Structure formats: structure tokens, C-alpha cells
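Structure first, commentary second.
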Amino acid sequence: MTRALAALALVLASALPARAEPIRLWHAYGGAEEAALREAVREFERRTGEEVDLLAVAFGAYLAKLESAIPTGRGPDVFIDAHERLTTYVDAGLLRPITGDVPDSLPPESLAPLRQGDALYGLPLSLKCAALYLNTDLLPETPESLDALARAQLPEGTFPLVMEAENGYYVAAILHSLGGQLLTDEGEYGFEGEAAERTASWLAARVSDRTIPDEATGELVQRLFASGDAAAAISGPWLAPDLPEGLHWRVVPLPPLQDGGEPLEPFLTVEAAFAASQPEGDERGNAEAVEALIRFLAGTSGSRIRATVGRQIVADEEAWGDSRLGHDEFLTTFRRAASRARPMPTHPRMRMTFVPVQRALRRVLRSGAPPAEALATGSRDFADDTRPPPAERDPMPLLLVFGLLMLALVGWWIHKARDPAVRLAIKHSIPAYKWVAHAFLAVAVLVIVPLLVGAAVSLFAGRGRDLHYVGLANYADILTARGGDLLGDRSFYIVLLVTVLWTVLNLLLHLGIGVALALLLNRPKLRFKGPYRVLLILPWAVPSYVTALAWKGMFHRQLGAVNAVIESLGGDPVSWFAHFGTAFTANLATNVWLGFPFMMVVTLGALSSIPDDLYEAAAVDGATRWQRFRRITAPLLVPSLAPAVVMGAVWTFNMFNVVFLVSGGEPGGSTEILVSEAYRWAFTRGQLYGYAAAYAVLIFLILALWTRATVWVGTRSKRRAPVGATT
């Protein structure tokens with residue numbers, strides 16, 4: 001009976017229509033925008049009966065995850081992103097065109113940035129651009145221009161305007177009003193020439209006269225405006241959720257730069273829903289449902305939900321007929337600002353302009369470099385970042401050499417295996433190999449295979465996934481400074497010198513401070529040893545990135561504790577990241593704080609193993625404290641400290657977190673070390689993974705040679721040491 005019921009259930013189940021797979025939607029929203037998207041999706045599910053799986057992906061990893069997941073079929077059916085990546089997505093084959101009807105309520109100007117040729121690849125969801133936030137208690141009237149803000153009568157210590165003056169996204173609004181552009185239609189770098197120089201000069205003048213604060217980041221913009229210490233702020237709709245309830249403010253479109261001029265033209269970002277392409281053989285067959293979801297989200301019903309719940313400036317025109325939107329001053333103001341904005345170019349090189357622009361502006365605003373000179377440096381950086389990769393080469397010579405090496409290795413093994421003694425040794429060693437097999441496999445999978453893959457990638461060149469074999473061309477480019485000055489900016493040899501200086505100074509300070517504190521804590525008569533040890537180990541126990549961010553804040557020119565102490569002593573605040581010496585010092589201080597506890601702990605352990613009899617005998621012989629340290633303590637510490645020094649050197653040589661988070665390589669990349677320079681080539685200079693992998697291989701070789709040399713020197717020293725030298 002049971003079997004009959006099971007068979008009947010199987011027949012009935014096979015007769016029912018198969019349930020379609022859920023539509024997978026990826027986004028990078030958070031807060032109210034994510035809540036609005038979820039509500040809109042629930043409404044779509046209620047109306048259509050379709051099921052939608054939402055996945056929030058971190059913004060920093062969004063592009064990489066899409067590029068890796070979509071071609072393998074593990075990616076989304078629909079994803080939401082900004083329009084400026086459109087060309088990158090199309091060239092990578094990650095999108096399929098929208099083939100169904102487009103809602104008539106979507107204006108043509110919001111659809112234009114989403115077209116490539118005759119194909120439409122997405123539907124617009126929201127429009128985002130910069131506008132001017134005003135503190136109405138300080139500025140009850142709208143200023144006629146940004147220059148007028150500098151003339152406003154404000155309380156002492158209040159900034160007339162706060163903006164990210166080193167961020168090309170916001171600076172572009174000023175540049176556009178002066179007739180310039182960050183990137184030309186042909187993909188050429190545009191932040192140079194008269195318009196760019198006037199923009200940089202205007203910003204330098206406003207920073208100099210304290211209209212705009214120094215070194216303003218997004219966090220500082222939010223903090224100063226939210227606390228009432230700034231009368232106006234240039235930012236986008238993302239600033240509003242972070243403003244306190246007691247602050248009286250409103251937002252207006254960006255005014256002209258100067259009285260009587262044309263209004264500023266900020267960049268416009270169109271956030272859109274895109275249909276992801278599917279790999280061959282995919283049988284989900286949900287193309288119609290995918291486009292239905294996109295049309296709903298971009299259409300009137302979905303737009304009303306996203307605007308009322310998520311406070312998004314939606315593109316759909318009919319949605320604005322809702323009284324809740326039409327009477328919302330915040331939304332309508334940003335809608336007017338978006339109508340004046342200039343869509344950001346979709347050229348793949350667009351995102352590669354921001355780092356050179358930022359560094360050029362920092363040279364002007366922090367280091368006081370002449371605008372023409374600083375902008376020319378930015379142009380050279382952009383040209384270097386966008387340089388075409390080496391030409392493809394024939395891999396046959398490499399394969400031939402590899403084959404010959406493998407044949408030689410096999411021949412050597414056969415020759416050794418013919419020796420009866422070797423065969424007997426292998427036979428007796430098989431039980432031992434069984435015990436370590438699992439460890440060998442783990443090391444092979446986690447260490448050896450990644451190293452081999454990285455070494456293989458270093459033989460290829462290209463951007464992103466578009467790689468081709470170039471042999472040793474990446475190594476040649478690195479070691480010849482890409483055909484430029486061997487000791488010029490971003491040269492491998494300059495970065496290597498900085499890395500060696502960084503490693504040596506850190507090791508000396510780690511060792512000196514660690515040993516000194518250990519000797520102090522090891523004194524028999526010292527009270528409260530336990531609490532002291534706990535407090536001194538805390539810097540090592542706290543995650544390094546947390547410590548690095550804390551120290552970066554302490555070195556901030558405006559709000560940092562270090563400058564506050566300097567000013568309290570009558571000194572002038574220091575722009576720590578404007579010059580190599582001060583930026584390097586900030587990195588060094590942070591890493592010394594992180595590193596000395598390790599050396600202290602190792603030294604304490606070594607001191608506890610030294611017999612007291614040696615010190616008692618030395619005291620009887622009349623040895624002074626210094627003689628006891630030099631003749632007993634120091635020689636007996638060396639065997640324990642030597643491995644710690646080797647490990648500390650490797651850690652410090654590759655201390656990415658501190659350099660990346662504290663100085664960020666500033667000024668102008670001069671404080672980059674080899675590992676952070678490799679990161680730049682991989683992720684901020686056009687995804688040159690092969691070039692970055694070659695950097696990583698060179699780092700590995702340098703550390704391997706240094707470690708072997710250290711072991712060799714230590715071994716020779718032990719052999720040469722006379723018997724009883726340590727006592």
C-alpha cells in the first residue's frame with residue numbers, strides 16, 4: 001500500500017507544471033533604499049506570482065562579483081548599478097538588451113545614457129547628482145554664487161562651504177562651468193589646460209582663505225554640516241539620512257561659481273536595472289519575467305514606492321503626479337538639479353580619471369604645487385595607467401622549456417629510483433608519508449597552488465578578464481620603469497627603496513622598544529606587572545585596520561589629536577600627508593605602535609628562560625648591570641629574537657593595511673610600498689592583474705632571498721663562534 005501511494009504521488013508530481021526558478025536580483029543598497037526596493041519587489045510578487053530573491057552585495061566588490069558570477073551562471077538575472085559602467089558591462093558580455101516595451105513615462109533623456117548604438121540595456125530607476133545643502137539658521141537666503149558664500153557673515157570658526165575639494169566627482173561641476181571636462185568623448189584625459197588650471201586655482205584660493213576646509217573627506221563634510229560648523233555643503237541625496245533632526249536645512253541646485261555666471265553642472269548618475277546575460281545552455285527561461293520585473297521597478301508603481309519609502313529621485317514622470325512627491329521639497333529640488341546635470345560618460349576610462357585627478361588636486365591644495373605642473377603630473381599618471389598592454393607572444397618557447405624541465409625532472413627521479421638504497425628508504429618512509437599526507441594536501445591547496453597560479457598570471461597582460469600571453473614582458477616593464485626614468489615616479493626601484501627604508505626603521509624601533517619594555521617588565525621589584533603587560537599587549541591584540549583608521553584620524557589636519565596637541569603648545573597645524581617626510585612618519589608611528597608588543601612578548605619569553613645562576617655568578621665576579629646585559633642577556637636573547645626578526649621583517653615588508661589606510665600612498669604615491677603598489681596596479685589602475693601578479697612574484701623572490709641569506713649568515717656565525725663565547 002505504501003509503495004502504491006508513493007508511486008501515485010510521483011505520477012501526480014510529474015504531471016504538475018515545474019515551478020520556475022526565482023528571479024535573482026542583486027543590488028548594493030542599504031538603509032531606506034534597500035527597504036524601498038524590498039517593498040517594491042514584494043508588490044511585484046503579489047501582482048505577478050513570481051518569486052524574487054534579493055541579494056545585497058558590498059559596493060566595493062560589486063563589479064568583481066558580477067564579472068566572475070554572470071559568465072558561470074551563478075550571477076543575478078537582474079542587477080542594479082550606475083550607468084557609467086555600461087560600456088564595461090557590454091564589452092564583457094554581461095548584459096542582454098531590453099527587447100520588450102519601454103514605459104512611456106520614462107523620459108528620453110534618462111534612457112539615453114543606457115543605450116549603446118541601437119540597443120537599450122537597462123531602464124532608469126533613480127537620478128543622483130550633487131546639490132547645495134544650506135543651514136537655514138546661518139544662511140536664510142540662497143546665495144547667488146559660491147563666491148558669495150565666502151562673503152557671508154558667519155560666526156567665528158564656521159566654514160562658509162564644505163565640499164570634497166580633492167574629489168573629481170564634485171570638482172567636475174566647477175570644471176564643466178568653466179568649459180572643461182574630465183574625459184573627452186574620445187576617452188582622452190581632460191583635466192589639464194586653462195579650464196582645469198582655473199578650477200584648481202579657485203579651489204586653492206578658497207582653501208587658503210578658509211572658505212573650504214583642508215583635506216575635506218566625505219566624513220568631514222557630513223560631520224561639519226551636521227554639527228552646524230558649516231553654512232553650506234556640496235553633496236548628493238546620500239547626505240540627508242545622516243543629518244540630525246534638530247538641524248534646520250534645505251537643499252537647492254548648485255548656484256553659479258561667480259556672481260552672474262552660469263549654474264554649475266554636476267555629474268548625473270542614472271541608476272538603472274539591467275538584465276544580465278545568461279551562459280549558453282541556461283534553461284531557466286525566465287527572460288519575460290525578468291523584463292517584467294525591470295519594467296515594474298522603473299515604472300510608475302515601483303517608482304512611487306521607491307520615492308516615498310527610499311526617498312529616491314525617480315526617473316518616471318507619472319510618479320511625480322503623486323502629491324506626496326510633488327510637495328516634497330527635497331525630492332523636487334534634486335529633480336531640478338538632475339535636469340541641469342551632465343550624464344557621466346560611460347567610457348571605460350572614465351573611472352580611471354578620478355585617481356590622477358585626486359592626486360593632481362592634492363599636489364595643489366596640500367603641497368602648494370603650481371596648478372599647471374600638478375595637472376601635467378596627473379596627465380602623465382593617466383597616460384601611464386591607460387598605456388596599452390604588451391603585444392601577444394607565442395607561448396611555444398615557454399612550453400618547450402617547461403617540457404624539457406619536466407623531462408629532466410622525470411629522468412632524475414628515474415635515475416634515483418634505480419638505486420636500491422633509495423628504493424629501500426622510500427619503502428620504509430611510506431608510513432611516515434601517510435601521516436603527513438593531509439598536511440601536504442592542505443599546504444598544496446592553500447599555498448602552493450595559489451603561488452603557481454599567481455606566477456602563471458604574471459606571464460599574461462590585459463585588463464580585467466581580457467588577458468593574453470606576453471611572456472616576461474611584465475617583468476621587463478617593471479624592471480625598466482615602463483620605459484621611463486628608472487628613478488622617476490612609481491618606479492619599481494624607488495618603491496623598493498621606500499619599502500626597505502620602511503622595513504629597516506620599523507624593525508629597529510620594534511626591536512628597541514620591545515626589548516627595552518621587556519627588560520623593564522622583567523625587573524623583580526616592579527609592581528603591577530600584570531596590568532602593565534596587558535596594557536602593552538593591547539596594541540597587538542586590536543585588529544590592525546582598526547588601529548590604522550584610528551591613527552589616520554589622529555593625524556587629520558582639521559580634527560586630529562596630534563595637531564590639537566601641537567596647537568595647544570603654540571605650534572601651527574601640520575598637513576601630515578602633504579609631504580613625504582611627515583606622511584612616512586605617520587605611517588611609521590602607526591606601525592611601531594602595532595609592532596613593538598610582539599617583540600616585547602618574544603623577549604619576555606626568552607628572558608624567563610635565562611638561568612638566574614648566570615646573573616648571580618656575574619654579580620659575585622663584580623660585573624656591572626651593563627656588563628651583565630652585554631655578556632649574558634644579549635647573547636642569550638639572539639637565538640630567540642632571530643626568528644622573530646625574520647618574521648617581523650616579512651610582516652613589515654608586506655604591511656599593506658597601515659600604508660593603504662593611513663597615508664594611502666600620499667603624497668603622490670611617494671609612500672607606497674611594493675605590496676600596496678601591486679594593489680594599485682590590480683584594482684585602481686585599470687585592473688592590470690598580470691602586471692600586479694609580476695609585482696607579487698618579485699616581492700616573493702626578494703623575501704625568499706632575504707630569508708635564505710639571513711639563515712645562511714646565522715649558520716656561518718654559529719660555526720665561527722668559539723666554544724663558550726655566549727657565556
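Order determines the names: the first chain of the C-alpha cells is A, the second B, and so forth; residues in each chain are numbered 1 upward, and ligands are numbered 1 upward as they are shown.
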
Which residues are close to A:Leu604, i.e. within 6 Å by only C-alpha atoms, leaving aside same-chain residues fewer than 3 positions away? Reply as an MDAnalysis selection string.
chainID A and resid 518 601 607

Could you save those same residues with N, CA and C atoms as a PDB file, in the first residue's frame?
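The file below, selection.pdb, is the result:
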ATOM      1  N   ALA A 518      60.522  44.921  27.691  1.00  0.00           N
ATOM      2  CA  ALA A 518      60.618  43.584  28.283  1.00  0.00           C
ATOM      3  C   ALA A 518      61.603  43.582  29.454  1.00  0.00           C
ATOM      4  N   VAL A 601      56.810  40.555  23.757  1.00  0.00           N
ATOM      5  CA  VAL A 601      56.365  39.246  24.234  1.00  0.00           C
ATOM      6  C   VAL A 601      57.445  38.196  23.984  1.00  0.00           C
ATOM      7  N   LEU A 607      63.694  35.937  28.169  1.00  0.00           N
ATOM      8  CA  LEU A 607      64.290  36.318  29.456  1.00  0.00           C
ATOM      9  C   LEU A 607      63.933  35.323  30.555  1.00  0.00           C
TER      10      LEU A 607
END

For stretch 458-469 of chain A, work out the shell of residues within 12 Å, counting only C-alpha atoms and skipping chain neighbours fewer than 5 positions away, then give it as a compact mmCIF listing (two decimals) with C-alpha atoms, in the first residue's frame.
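Okay, this is what ended up in around.txt:
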# COMPACT_ATOMS: atom_id res chain seq x y z
CA LEU A 63 31.89 44.81 -10.17
CA ALA A 64 34.27 41.94 -9.40
CA GLU A 67 32.29 39.77 -13.69
CA SER A 68 33.02 36.41 -12.05
CA PRO A 71 29.54 34.13 -17.11
CA THR A 88 32.38 47.93 -19.40
CA TYR A 89 29.46 45.56 -18.93
CA ASP A 91 32.21 44.82 -23.67
CA ALA A 92 32.43 41.98 -21.13
CA GLY A 93 29.21 40.44 -22.44
CA PRO A 348 35.67 52.52 -19.65
CA ARG A 349 38.40 55.07 -18.93
CA ASP A 385 47.63 53.88 -16.28
CA THR A 386 45.98 53.58 -19.71
CA ARG A 387 49.08 52.51 -21.59
CA PRO A 388 48.29 49.61 -23.97
CA PRO A 389 49.45 46.22 -22.68
CA PRO A 390 52.38 44.43 -24.33
CA ALA A 391 51.70 42.63 -27.59
CA GLU A 392 50.70 38.98 -27.55
CA ARG A 393 53.54 36.50 -27.91
CA ASP A 394 53.87 32.87 -28.93
CA PRO A 395 53.77 30.63 -25.83
CA MET A 396 55.55 27.75 -27.62
CA PRO A 397 59.10 28.63 -26.38
CA LEU A 398 57.85 28.65 -22.77
CA LEU A 399 56.02 25.35 -23.23
CA LEU A 451 51.55 30.75 -5.77
CA LEU A 452 51.77 28.81 -9.02
CA VAL A 453 48.58 30.42 -10.36
CA ASN A 474 55.53 42.40 -17.45
CA TYR A 475 58.81 41.81 -15.62
CA ALA A 476 60.70 43.77 -18.27
CA ASP A 477 58.26 46.68 -17.92
CA ILE A 478 58.62 46.69 -14.14
CA ALA A 678 50.88 45.92 -6.61
CA TRP A 681 48.02 48.18 -10.45
CA ALA A 682 45.45 45.45 -9.87
CA PHE A 683 42.47 47.48 -8.66
CA THR A 684 42.81 51.25 -9.19
CA ARG A 685 44.77 51.50 -12.45
CA GLY A 686 42.64 49.58 -14.87
CA GLN A 687 42.75 46.01 -13.48
CA LEU A 688 46.21 45.10 -14.77
CA TYR A 689 46.17 41.75 -13.00
CA GLY A 690 49.15 40.32 -14.90
CA TYR A 691 51.32 43.33 -14.09
CA ALA A 692 50.28 43.19 -10.43
CA ALA A 693 51.00 39.45 -10.33
CA ALA A 694 54.51 40.13 -11.63
CA TYR A 695 54.97 42.60 -8.76
CA ALA A 696 53.82 39.90 -6.34
CA VAL A 697 56.30 37.36 -7.76
CA LEU A 698 59.14 39.86 -7.38

Please extract the residues of stretch 315-381 of chain A with a backbone DSSP assignment of alpha helix (DSSP H) and present them as a count of residues only.
39

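Omitting stretch 46-57 of chain A and its sequence neighbours fewer than 5 positions away, and counting only C-alpha atoms, the residues within 10 Å are Arg19, Ala20, Glu21, Pro22, Ile23, Arg24, Leu25, Trp26, His27, Ala28, Tyr29, Gly30, Glu34, Leu37, Arg38, Ala40, Val41, Tyr62, Leu63, Lys65, Leu66, Pro76, Asp77, Val78, Phe79, Ala289, Val290, Ala292 and Leu293 of chain A.
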
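DSSP on the backbone gives strand (DSSP E or B) for these parts of stretch 396-631 of chain A: Phe460, Ala461, Gly462, Arg463, Asp466, Leu467, His468 and Tyr469 of chain A.
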
Restricting it to N, CA and C atoms, dump the selection as a PDB file, in the first residue's frame.
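Written file, again_24.pdb:
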ATOM      1  N   PHE A 460      50.861  36.940 -18.294  1.00  0.00           N
ATOM      2  CA  PHE A 460      49.786  37.425 -19.155  1.00  0.00           C
ATOM      3  C   PHE A 460      49.586  38.920 -18.924  1.00  0.00           C
ATOM      4  N   ALA A 461      48.993  39.579 -19.905  1.00  0.00           N
ATOM      5  CA  ALA A 461      48.728  41.020 -19.801  1.00  0.00           C
ATOM      6  C   ALA A 461      47.344  41.302 -20.356  1.00  0.00           C
ATOM      7  N   GLY A 462      46.813  42.441 -19.987  1.00  0.00           N
ATOM      8  CA  GLY A 462      45.479  42.840 -20.405  1.00  0.00           C
ATOM      9  C   GLY A 462      44.745  43.458 -19.232  1.00  0.00           C
ATOM     10  N   ARG A 463      43.499  43.832 -19.462  1.00  0.00           N
ATOM     11  CA  ARG A 463      42.698  44.477 -18.424  1.00  0.00           C
ATOM     12  C   ARG A 463      41.536  43.575 -18.046  1.00  0.00           C
ATOM     13  N   ASP A 466      40.261  40.089 -19.862  1.00  0.00           N
ATOM     14  CA  ASP A 466      40.780  40.055 -21.231  1.00  0.00           C
ATOM     15  C   ASP A 466      42.305  39.973 -21.199  1.00  0.00           C
ATOM     16  N   LEU A 467      42.825  38.764 -20.996  1.00  0.00           N
ATOM     17  CA  LEU A 467      44.261  38.563 -20.852  1.00  0.00           C
ATOM     18  C   LEU A 467      44.822  37.795 -22.039  1.00  0.00           C
ATOM     19  N   HIS A 468      46.071  38.080 -22.360  1.00  0.00           N
ATOM     20  CA  HIS A 468      46.781  37.325 -23.392  1.00  0.00           C
ATOM     21  C   HIS A 468      48.221  37.114 -22.958  1.00  0.00           C
ATOM     22  N   TYR A 469      48.830  36.064 -23.486  1.00  0.00           N
ATOM     23  CA  TYR A 469      50.178  35.676 -23.068  1.00  0.00           C
ATOM     24  C   TYR A 469      51.212  36.661 -23.608  1.00  0.00           C
TER      25      TYR A 469
END

Which is closer to A:Pro597 than all the others in A:Leu520, A:Ala541, A:Val675, A:Pro611, using only C-alpha atoms?
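Looking only at the distances to A:Pro597, the closest residue turns out to be A:Ala541.
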
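By chain and then residue number, the residues within 8 Å of A:His248 are Asn135, Thr136 and Asp137 of chain A, counting only C-alpha atoms and disregarding those fewer than 6 positions away in sequence.
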
Serialized selection, C-alpha atoms, as a PDB file, in the first residue's frame:
ATOM      1  CA  ASN A 135      21.964  75.597   7.023  1.00  0.00           C
ATOM      2  CA  THR A 136      18.966  77.939   7.190  1.00  0.00           C
ATOM      3  CA  ASP A 137      19.932  79.229  10.642  1.00  0.00           C
TER       4      ASP A 137
END

Considering only C-alpha atoms, give me a table of residues in stretch 453-500 of chain A that are at most 12 Å from stretch 376-382 of chain A, with the closest atom pair and distance in Å for each, as CSV.
residue,atom,partner,partner_atom,distance
A:Gly484,CA,A:Arg380,CA,11.1
A:Gly488,CA,A:Thr377,CA,11.7
A:Asp489,CA,A:Asp381,CA,9.0
A:Arg490,CA,A:Asp381,CA,9.2

Which residues of stretch 272-379 of chain A come within 12 Å of stretch 178-182 of chain A, and for each one, what is the closest pair of atoms and their distance in Å to one decimal, counting only C-alpha atoms, sorted by chain and residue number, as JSON lines?
{"residue": "A:Arg342", "atom": "CA", "partner": "A:Gln181", "partner_atom": "CA", "distance": 10.4}
{"residue": "A:Pro343", "atom": "CA", "partner": "A:Gln181", "partner_atom": "CA", "distance": 11.8}
{"residue": "A:Met344", "atom": "CA", "partner": "A:Leu182", "partner_atom": "CA", "distance": 9.7}
{"residue": "A:Pro345", "atom": "CA", "partner": "A:Leu182", "partner_atom": "CA", "distance": 9.5}
{"residue": "A:His347", "atom": "CA", "partner": "A:Leu182", "partner_atom": "CA", "distance": 11.6}
{"residue": "A:Arg349", "atom": "CA", "partner": "A:Leu182", "partner_atom": "CA", "distance": 10.4}
{"residue": "A:Met350", "atom": "CA", "partner": "A:Leu182", "partner_atom": "CA", "distance": 8.0}
{"residue": "A:Arg351", "atom": "CA", "partner": "A:Leu182", "partner_atom": "CA", "distance": 10.2}
{"residue": "A:Met352", "atom": "CA", "partner": "A:Leu182", "partner_atom": "CA", "distance": 10.4}
{"residue": "A:Thr353", "atom": "CA", "partner": "A:Leu182", "partner_atom": "CA", "distance": 7.0}
{"residue": "A:Phe354", "atom": "CA", "partner": "A:Leu182", "partner_atom": "CA", "distance": 8.5}
{"residue": "A:Val355", "atom": "CA", "partner": "A:Leu182", "partner_atom": "CA", "distance": 11.6}
{"residue": "A:Pro356", "atom": "CA", "partner": "A:Leu182", "partner_atom": "CA", "distance": 10.4}
{"residue": "A:Val357", "atom": "CA", "partner": "A:Leu182", "partner_atom": "CA", "distance": 8.3}
{"residue": "A:Gln358", "atom": "CA", "partner": "A:Leu182", "partner_atom": "CA", "distance": 11.5}
{"residue": "A:Leu375", "atom": "CA", "partner": "A:Leu182", "partner_atom": "CA", "distance": 11.6}
{"residue": "A:Gly378", "atom": "CA", "partner": "A:Leu182", "partner_atom": "CA", "distance": 11.4}
{"residue": "A:Ser379", "atom": "CA", "partner": "A:Leu182", "partner_atom": "CA", "distance": 10.8}

Can you spit out the residues from that selection as a compact mmCIF listing (two decimals), in the first residue's frame, using C-alpha atoms?
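Output file out.txt follows:
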# COMPACT_ATOMS: atom_id res chain seq x y z
CA ARG A 342 25.60 66.29 -17.21
CA PRO A 343 25.42 62.48 -17.53
CA MET A 344 28.73 60.90 -16.60
CA PRO A 345 30.46 59.36 -19.64
CA HIS A 347 33.65 55.24 -21.46
CA ARG A 349 38.40 55.07 -18.93
CA MET A 350 36.04 57.35 -17.00
CA ARG A 351 36.62 55.72 -13.63
CA MET A 352 40.37 55.73 -14.27
CA THR A 353 40.42 59.54 -14.27
CA PHE A 354 39.48 60.02 -10.62
CA VAL A 355 42.76 58.87 -9.02
CA PRO A 356 45.03 61.04 -11.25
CA VAL A 357 42.67 63.99 -10.74
CA GLN A 358 42.67 63.48 -6.98
CA LEU A 375 47.92 68.88 -13.60
CA GLY A 378 48.13 63.92 -13.34
CA SER A 379 48.07 63.69 -17.12

Would you kindly return, as a list in words, each protein, DNA or RNA residue with an atom no farther than 9 Å from any atom of A:Ala165, considering only C-alpha atoms and excluding same-chain residues fewer than 5 positions away?
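In the requested format, the answer is Tyr170, Val171, Leu203, Val207, Ile212, Pro213, Asp214, Glu215, Ala216, Thr217, Gln358, Leu361, Arg362 and Leu365 of chain A.
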
May I ask which of the residues A:Lys529, A:Arg198, A:Arg304, A:Lys434 is the closest one to A:Ser177, counting only C-alpha atoms?
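Nearest to A:Ser177: A:Arg198.
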
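Going from atom CA of A:Thr499 to atom CA of A:Leu674 covers 6.5 Å.
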
Any idea what's packed within 7 Å of stretch 229-238 of chain A, counting only C-alpha atoms, ignoring anything in its chain fewer than 3 positions away? Could you give it as an MDAnalysis selection string?
chainID A and resid 128:135 138:139 158:163 221 224:225 241

Just C-alpha atoms for this one: save the residues we selected as a PDB file, in the first residue's frame.
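Contents of selection_1.pdb, as written:
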ATOM      1  CA  LYS A 128      21.597  61.189  -8.486  1.00  0.00           C
ATOM      2  CA  CYS A 129      23.734  64.310  -8.614  1.00  0.00           C
ATOM      3  CA  ALA A 130      25.274  66.892  -6.306  1.00  0.00           C
ATOM      4  CA  ALA A 131      23.363  69.895  -4.943  1.00  0.00           C
ATOM      5  CA  LEU A 132      23.907  72.594  -2.307  1.00  0.00           C
ATOM      6  CA  TYR A 133      22.762  71.952   1.263  1.00  0.00           C
ATOM      7  CA  LEU A 134      22.115  75.149   3.262  1.00  0.00           C
ATOM      8  CA  ASN A 135      21.964  75.597   7.023  1.00  0.00           C
ATOM      9  CA  LEU A 138      23.191  80.544   9.157  1.00  0.00           C
ATOM     10  CA  LEU A 139      22.065  81.222   5.581  1.00  0.00           C
ATOM     11  CA  THR A 158      32.233  78.372  10.901  1.00  0.00           C
ATOM     12  CA  PHE A 159      33.178  77.346   7.352  1.00  0.00           C
ATOM     13  CA  PRO A 160      31.116  79.016   4.621  1.00  0.00           C
ATOM     14  CA  LEU A 161      31.310  75.900   2.431  1.00  0.00           C
ATOM     15  CA  VAL A 162      32.377  72.314   2.946  1.00  0.00           C
ATOM     16  CA  MET A 163      32.981  70.036  -0.023  1.00  0.00           C
ATOM     17  CA  VAL A 221      31.594  67.065   5.051  1.00  0.00           C
ATOM     18  CA  LEU A 224      30.887  69.694   9.848  1.00  0.00           C
ATOM     19  CA  PHE A 225      27.495  70.315   8.277  1.00  0.00           C
ATOM     20  CA  PRO A 241      19.846  60.448   6.068  1.00  0.00           C
TER      21      PRO A 241
END

Counting only C-alpha atoms, which residue out of A:Met655, A:Val422, A:Ile673, A:Met600 sits closest to A:Leu501?
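For A:Leu501, the nearest of the candidates is A:Ile673.
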
Which residue, A:Gln558, A:Ser544, A:Ser640, A:Asn506, has the smallest gap to A:Val658 when you use only C-alpha atoms?
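Of all the options, A:Ser544 lies closest to A:Val658.
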